[in-house]
Amino acid sequence: MSLDTTLLKDIENFQREEITEYYIYKYLAEKEGGRNREILLKIGEDELRHYKIWREITGKDIEPDWRKIRFYRLLYRIFGLVFSLKLMEMRERRAEERYRLIADKIEIANDILKDEFEHEDELLSLLTDERLQFIGSIVLGLSDALIELTGALAGLSLALYNTLLVGLAALITGIAASMSMAVSEYLSKRSEGDVNAVKGAFYTGLAYILTVLFIVAPYFAGNNVYISLASSILIASIIIGGLTFYTSVVREI
């Protein structure tokens, strides 16, 4: 098949993306079990099949993007399965127009296009991630920690003028508050008949205490309470932005 330079370059890019995603799905399948594993293996097989189709057209093997593979491995470890896959699918949708241009010129690309933007979406909708089931509990812990601790830090900073004392006082307050929030979440879910009340309480308490640790950290790293306070507010803003981005990706808002 005779291809112009631009078209060949596009196909090579698609070929690299397919083999890259194959290795990503393969890695995720190795880490998952049950139904998730079956879904990931099926999608990975589709990606490998797409790669082989493009290889027949280009006539050469292409190395995967190992940097992208390492990035998604790290993403999976930190944010979980569904977030990683949803983010990957969002990036793929941006290439939809390029796929359609290729499909107009190469007939077999129509089948690949159908798989990429219909079949995989259906499979991904079946995936489950425990963290998503308790996103409400996580948000509760994060939001309460952000509101209560930033206010407490501001008051303590103006009253004590000592970063170590402020940090210790805020840390003790935060640990106590995290336990209180966890118990409150447990009792709330228990009263609603939720069988996962213990897990909900765990995620609330964990989210709270981790937020506390991040926010008070500047007070143990510096000697100026005002710089430490500003740093804590900046960290709180980053956490809010990260949480907003996370929920928008997994909920496809």
# chains A, B, ... in the order shown; residues from 1 in each chain; ligands from 1

call {"tool": "residues_around", "arguments": {"residues": "segment 168-181 of chain A", "least_positions_apart": "2", "cutoff": "12 Å", "atoms": "only C-alpha atoms", "output": "PyMOL selection string"}}
result
chain A and resi 137-157+159-160+162-166+183-188+200-220+229+232

call {"tool": "write_last_selection", "arguments": {"atoms": "C-alpha atoms", "output": "PDB file, in the first residue's frame"}}
result
ATOM      1  CA  SER A 137     -16.100   9.147  52.920  1.00  0.00           C
ATOM      2  CA  ILE A 138     -12.760  10.289  51.508  1.00  0.00           C
ATOM      3  CA  VAL A 139     -14.158  13.692  50.519  1.00  0.00           C
ATOM      4  CA  LEU A 140     -15.684  14.054  53.984  1.00  0.00           C
ATOM      5  CA  GLY A 141     -12.343  13.430  55.669  1.00  0.00           C
ATOM      6  CA  LEU A 142     -10.427  15.725  53.334  1.00  0.00           C
ATOM      7  CA  SER A 143     -12.876  18.617  53.455  1.00  0.00           C
ATOM      8  CA  ASP A 144     -13.247  18.571  57.242  1.00  0.00           C
ATOM      9  CA  ALA A 145      -9.483  18.422  57.738  1.00  0.00           C
ATOM     10  CA  LEU A 146      -8.931  21.306  55.328  1.00  0.00           C
ATOM     11  CA  ILE A 147     -11.554  23.515  56.947  1.00  0.00           C
ATOM     12  CA  GLU A 148     -10.754  22.782  60.580  1.00  0.00           C
ATOM     13  CA  LEU A 149      -6.971  22.599  60.391  1.00  0.00           C
ATOM     14  CA  THR A 150      -6.359  25.680  58.252  1.00  0.00           C
ATOM     15  CA  GLY A 151      -8.504  27.711  60.637  1.00  0.00           C
ATOM     16  CA  ALA A 152      -6.762  26.232  63.666  1.00  0.00           C
ATOM     17  CA  LEU A 153      -3.325  26.874  62.155  1.00  0.00           C
ATOM     18  CA  ALA A 154      -4.171  30.498  61.471  1.00  0.00           C
ATOM     19  CA  GLY A 155      -5.271  31.038  65.083  1.00  0.00           C
ATOM     20  CA  LEU A 156      -2.366  29.131  66.599  1.00  0.00           C
ATOM     21  CA  SER A 157       0.171  30.931  64.401  1.00  0.00           C
ATOM     22  CA  ALA A 159      -1.181  33.214  69.206  1.00  0.00           C
ATOM     23  CA  LEU A 160       2.037  31.228  69.661  1.00  0.00           C
ATOM     24  CA  ASN A 162       6.514  29.358  67.346  1.00  0.00           C
ATOM     25  CA  THR A 163       6.461  26.967  64.429  1.00  0.00           C
ATOM     26  CA  LEU A 164       7.268  23.850  66.473  1.00  0.00           C
ATOM     27  CA  LEU A 165       4.597  24.549  69.079  1.00  0.00           C
ATOM     28  CA  VAL A 166       2.027  25.375  66.402  1.00  0.00           C
ATOM     29  CA  VAL A 183     -16.245   7.271  64.647  1.00  0.00           C
ATOM     30  CA  SER A 184     -18.891   9.730  63.427  1.00  0.00           C
ATOM     31  CA  GLU A 185     -18.741   8.276  59.916  1.00  0.00           C
ATOM     32  CA  TYR A 186     -19.041   4.755  61.298  1.00  0.00           C
ATOM     33  CA  LEU A 187     -22.083   5.620  63.403  1.00  0.00           C
ATOM     34  CA  SER A 188     -23.693   7.490  60.496  1.00  0.00           C
ATOM     35  CA  GLY A 200     -16.172   3.980  55.302  1.00  0.00           C
ATOM     36  CA  ALA A 201     -14.897   5.063  58.722  1.00  0.00           C
ATOM     37  CA  PHE A 202     -11.401   3.841  57.847  1.00  0.00           C
ATOM     38  CA  TYR A 203     -11.265   5.882  54.630  1.00  0.00           C
ATOM     39  CA  THR A 204     -12.624   8.980  56.378  1.00  0.00           C
ATOM     40  CA  GLY A 205     -10.047   8.749  59.165  1.00  0.00           C
ATOM     41  CA  LEU A 206      -7.203   7.953  56.769  1.00  0.00           C
ATOM     42  CA  ALA A 207      -8.063  10.865  54.461  1.00  0.00           C
ATOM     43  CA  TYR A 208      -8.281  13.179  57.464  1.00  0.00           C
ATOM     44  CA  ILE A 209      -4.956  12.196  59.027  1.00  0.00           C
ATOM     45  CA  LEU A 210      -3.059  12.291  55.724  1.00  0.00           C
ATOM     46  CA  THR A 211      -4.412  15.766  55.045  1.00  0.00           C
ATOM     47  CA  VAL A 212      -3.332  16.845  58.519  1.00  0.00           C
ATOM     48  CA  LEU A 213       0.194  15.534  57.965  1.00  0.00           C
ATOM     49  CA  PHE A 214       0.560  17.416  54.681  1.00  0.00           C
ATOM     50  CA  ILE A 215      -0.836  20.673  56.072  1.00  0.00           C
ATOM     51  CA  VAL A 216       1.234  20.788  59.268  1.00  0.00           C
ATOM     52  CA  ALA A 217       4.477  19.650  57.585  1.00  0.00           C
ATOM     53  CA  PRO A 218       5.674  23.226  56.799  1.00  0.00           C
ATOM     54  CA  TYR A 219       5.693  24.042  60.526  1.00  0.00           C
ATOM     55  CA  PHE A 220       8.310  21.361  61.152  1.00  0.00           C
ATOM     56  CA  LEU A 229       1.021  29.328  57.332  1.00  0.00           C
ATOM     57  CA  SER A 232       0.018  25.255  54.524  1.00  0.00           C
TER      58      SER A 232
END

call {"tool": "residues_around", "arguments": {"residues": "Ile112 of chain A", "least_positions_apart": "6", "cutoff": "12 Å", "atoms": "only C-alpha atoms", "output": "list in words"}}
result
Phe14, Gln15, Glu18, Asp46, Glu47, Leu48, Arg49, His50, Tyr51, Lys52, Ile53, Trp54, Glu96, Tyr99, Arg100, Ile102, Ala103, Ile106, Glu118, His119 and Glu120 of chain A

call {"tool": "atom_distance", "arguments": {"atom1": "atom CA of Ser84 of chain A", "atom2": "atom CA of Glu17 of chain A"}}
result
15.7 Å

call {"tool": "atom_distance", "arguments": {"atom1": "atom CA of Ile233 of chain A", "atom2": "atom CA of Leu74 of chain A"}}
result
26.5 Å

call {"tool": "closest_residue", "arguments": {"among": "A:Asp10, A:Glu56, A:Glu107, A:Glu32", "to": "Tyr76 of chain A", "atoms": "only C-alpha atoms"}}
result
A:Glu32

call {"tool": "residues_around", "arguments": {"residues": "Lys9 of chain A", "least_positions_apart": "2", "cutoff": "12 Å", "atoms": "only C-alpha atoms", "output": "PyMOL selection string"}}
result
chain A and resi 3-7+11-16+54+57-58+62+98+102

call {"tool": "write_last_selection", "arguments": {"atoms": "N, CA and C atoms", "output": "PDB file, in the first residue's frame"}}
result
ATOM      1  N   LEU A   3       1.596   4.976   0.767  1.00  0.00           N
ATOM      2  CA  LEU A   3       1.115   5.981   1.707  1.00  0.00           C
ATOM      3  C   LEU A   3       1.975   7.225   1.623  1.00  0.00           C
ATOM      4  N   ASP A   4       1.321   8.394   1.745  1.00  0.00           N
ATOM      5  CA  ASP A   4       2.110   9.616   1.772  1.00  0.00           C
ATOM      6  C   ASP A   4       2.758   9.754   3.147  1.00  0.00           C
ATOM      7  N   THR A   5       3.744  10.630   3.237  1.00  0.00           N
ATOM      8  CA  THR A   5       4.557  10.740   4.454  1.00  0.00           C
ATOM      9  C   THR A   5       3.732  11.086   5.686  1.00  0.00           C
ATOM     10  N   THR A   6       2.794  12.026   5.547  1.00  0.00           N
ATOM     11  CA  THR A   6       1.972  12.463   6.679  1.00  0.00           C
ATOM     12  C   THR A   6       1.088  11.328   7.182  1.00  0.00           C
ATOM     13  N   LEU A   7       0.453  10.619   6.252  1.00  0.00           N
ATOM     14  CA  LEU A   7      -0.415   9.511   6.623  1.00  0.00           C
ATOM     15  C   LEU A   7       0.377   8.401   7.300  1.00  0.00           C
ATOM     16  N   ILE A  11      -0.094   6.855  11.131  1.00  0.00           N
ATOM     17  CA  ILE A  11      -0.292   5.430  11.391  1.00  0.00           C
ATOM     18  C   ILE A  11       0.770   4.901  12.341  1.00  0.00           C
ATOM     19  N   GLU A  12       1.999   5.348  12.177  1.00  0.00           N
ATOM     20  CA  GLU A  12       3.070   4.930  13.083  1.00  0.00           C
ATOM     21  C   GLU A  12       2.793   5.398  14.512  1.00  0.00           C
ATOM     22  N   ASN A  13       2.249   6.598  14.642  1.00  0.00           N
ATOM     23  CA  ASN A  13       1.888   7.101  15.967  1.00  0.00           C
ATOM     24  C   ASN A  13       0.792   6.241  16.599  1.00  0.00           C
ATOM     25  N   PHE A  14      -0.211   5.883  15.798  1.00  0.00           N
ATOM     26  CA  PHE A  14      -1.276   5.020  16.290  1.00  0.00           C
ATOM     27  C   PHE A  14      -0.722   3.643  16.678  1.00  0.00           C
ATOM     28  N   GLN A  15       0.195   3.153  15.871  1.00  0.00           N
ATOM     29  CA  GLN A  15       0.803   1.853  16.146  1.00  0.00           C
ATOM     30  C   GLN A  15       1.543   1.884  17.477  1.00  0.00           C
ATOM     31  N   ARG A  16       2.275   2.974  17.722  1.00  0.00           N
ATOM     32  CA  ARG A  16       3.002   3.113  18.990  1.00  0.00           C
ATOM     33  C   ARG A  16       2.018   3.210  20.164  1.00  0.00           C
ATOM     34  N   TRP A  54      -1.873  -2.360  12.246  1.00  0.00           N
ATOM     35  CA  TRP A  54      -1.083  -1.218  11.788  1.00  0.00           C
ATOM     36  C   TRP A  54       0.298  -1.668  11.313  1.00  0.00           C
ATOM     37  N   ILE A  57       0.429  -2.649   7.808  1.00  0.00           N
ATOM     38  CA  ILE A  57       0.374  -1.510   6.891  1.00  0.00           C
ATOM     39  C   ILE A  57       1.718  -0.797   6.821  1.00  0.00           C
ATOM     40  N   THR A  58       2.347  -0.576   7.985  1.00  0.00           N
ATOM     41  CA  THR A  58       3.634   0.143   7.995  1.00  0.00           C
ATOM     42  C   THR A  58       4.801  -0.771   7.623  1.00  0.00           C
ATOM     43  N   ILE A  62       7.410  -1.205  16.016  1.00  0.00           N
ATOM     44  CA  ILE A  62       7.642   0.085  16.675  1.00  0.00           C
ATOM     45  C   ILE A  62       7.678  -0.129  18.180  1.00  0.00           C
ATOM     46  N   ARG A  98      -8.485  12.335  14.405  1.00  0.00           N
ATOM     47  CA  ARG A  98      -7.382  11.798  13.591  1.00  0.00           C
ATOM     48  C   ARG A  98      -7.676  10.364  13.152  1.00  0.00           C
ATOM     49  N   ILE A 102      -8.009   8.863   9.254  1.00  0.00           N
ATOM     50  CA  ILE A 102      -7.349   7.650   8.791  1.00  0.00           C
ATOM     51  C   ILE A 102      -8.379   6.663   8.244  1.00  0.00           C
TER      52      ILE A 102
END

call {"tool": "atom_distance", "arguments": {"atom1": "atom CA of Gly33 of chain A", "atom2": "atom CA of Thr247 of chain A"}}
result
24.0 Å

call {"tool": "closest_residue", "arguments": {"among": "A:Val195, A:Tyr22, A:Val82, A:Glu38", "to": "Pro64 of chain A", "atoms": "only C-alpha atoms"}}
result
A:Tyr22

call {"tool": "select_by_dssp", "arguments": {"residues": "segment 44-206 of chain A", "states": "alpha helix (DSSP H)", "output": "PyMOL selection string"}}
result
chain A and resi 44-58+66-79+81-93+96-105+109-114+120-124+130-133+135-160+163-191+197-206

call {"tool": "closest_residue", "arguments": {"among": "A:Lys105, A:Lys199, A:Lys189, A:Arg91", "to": "Phe134 of chain A", "atoms": "only C-alpha atoms"}}
result
A:Lys199

call {"tool": "residues_around", "arguments": {"residues": "Val250 of chain A", "least_positions_apart": "2", "cutoff": "7 Å", "atoms": "only C-alpha atoms", "output": "list in words"}}
result
Val82, Phe83, Lys86, Tyr246, Thr247, Ser248 and Glu252 of chain A
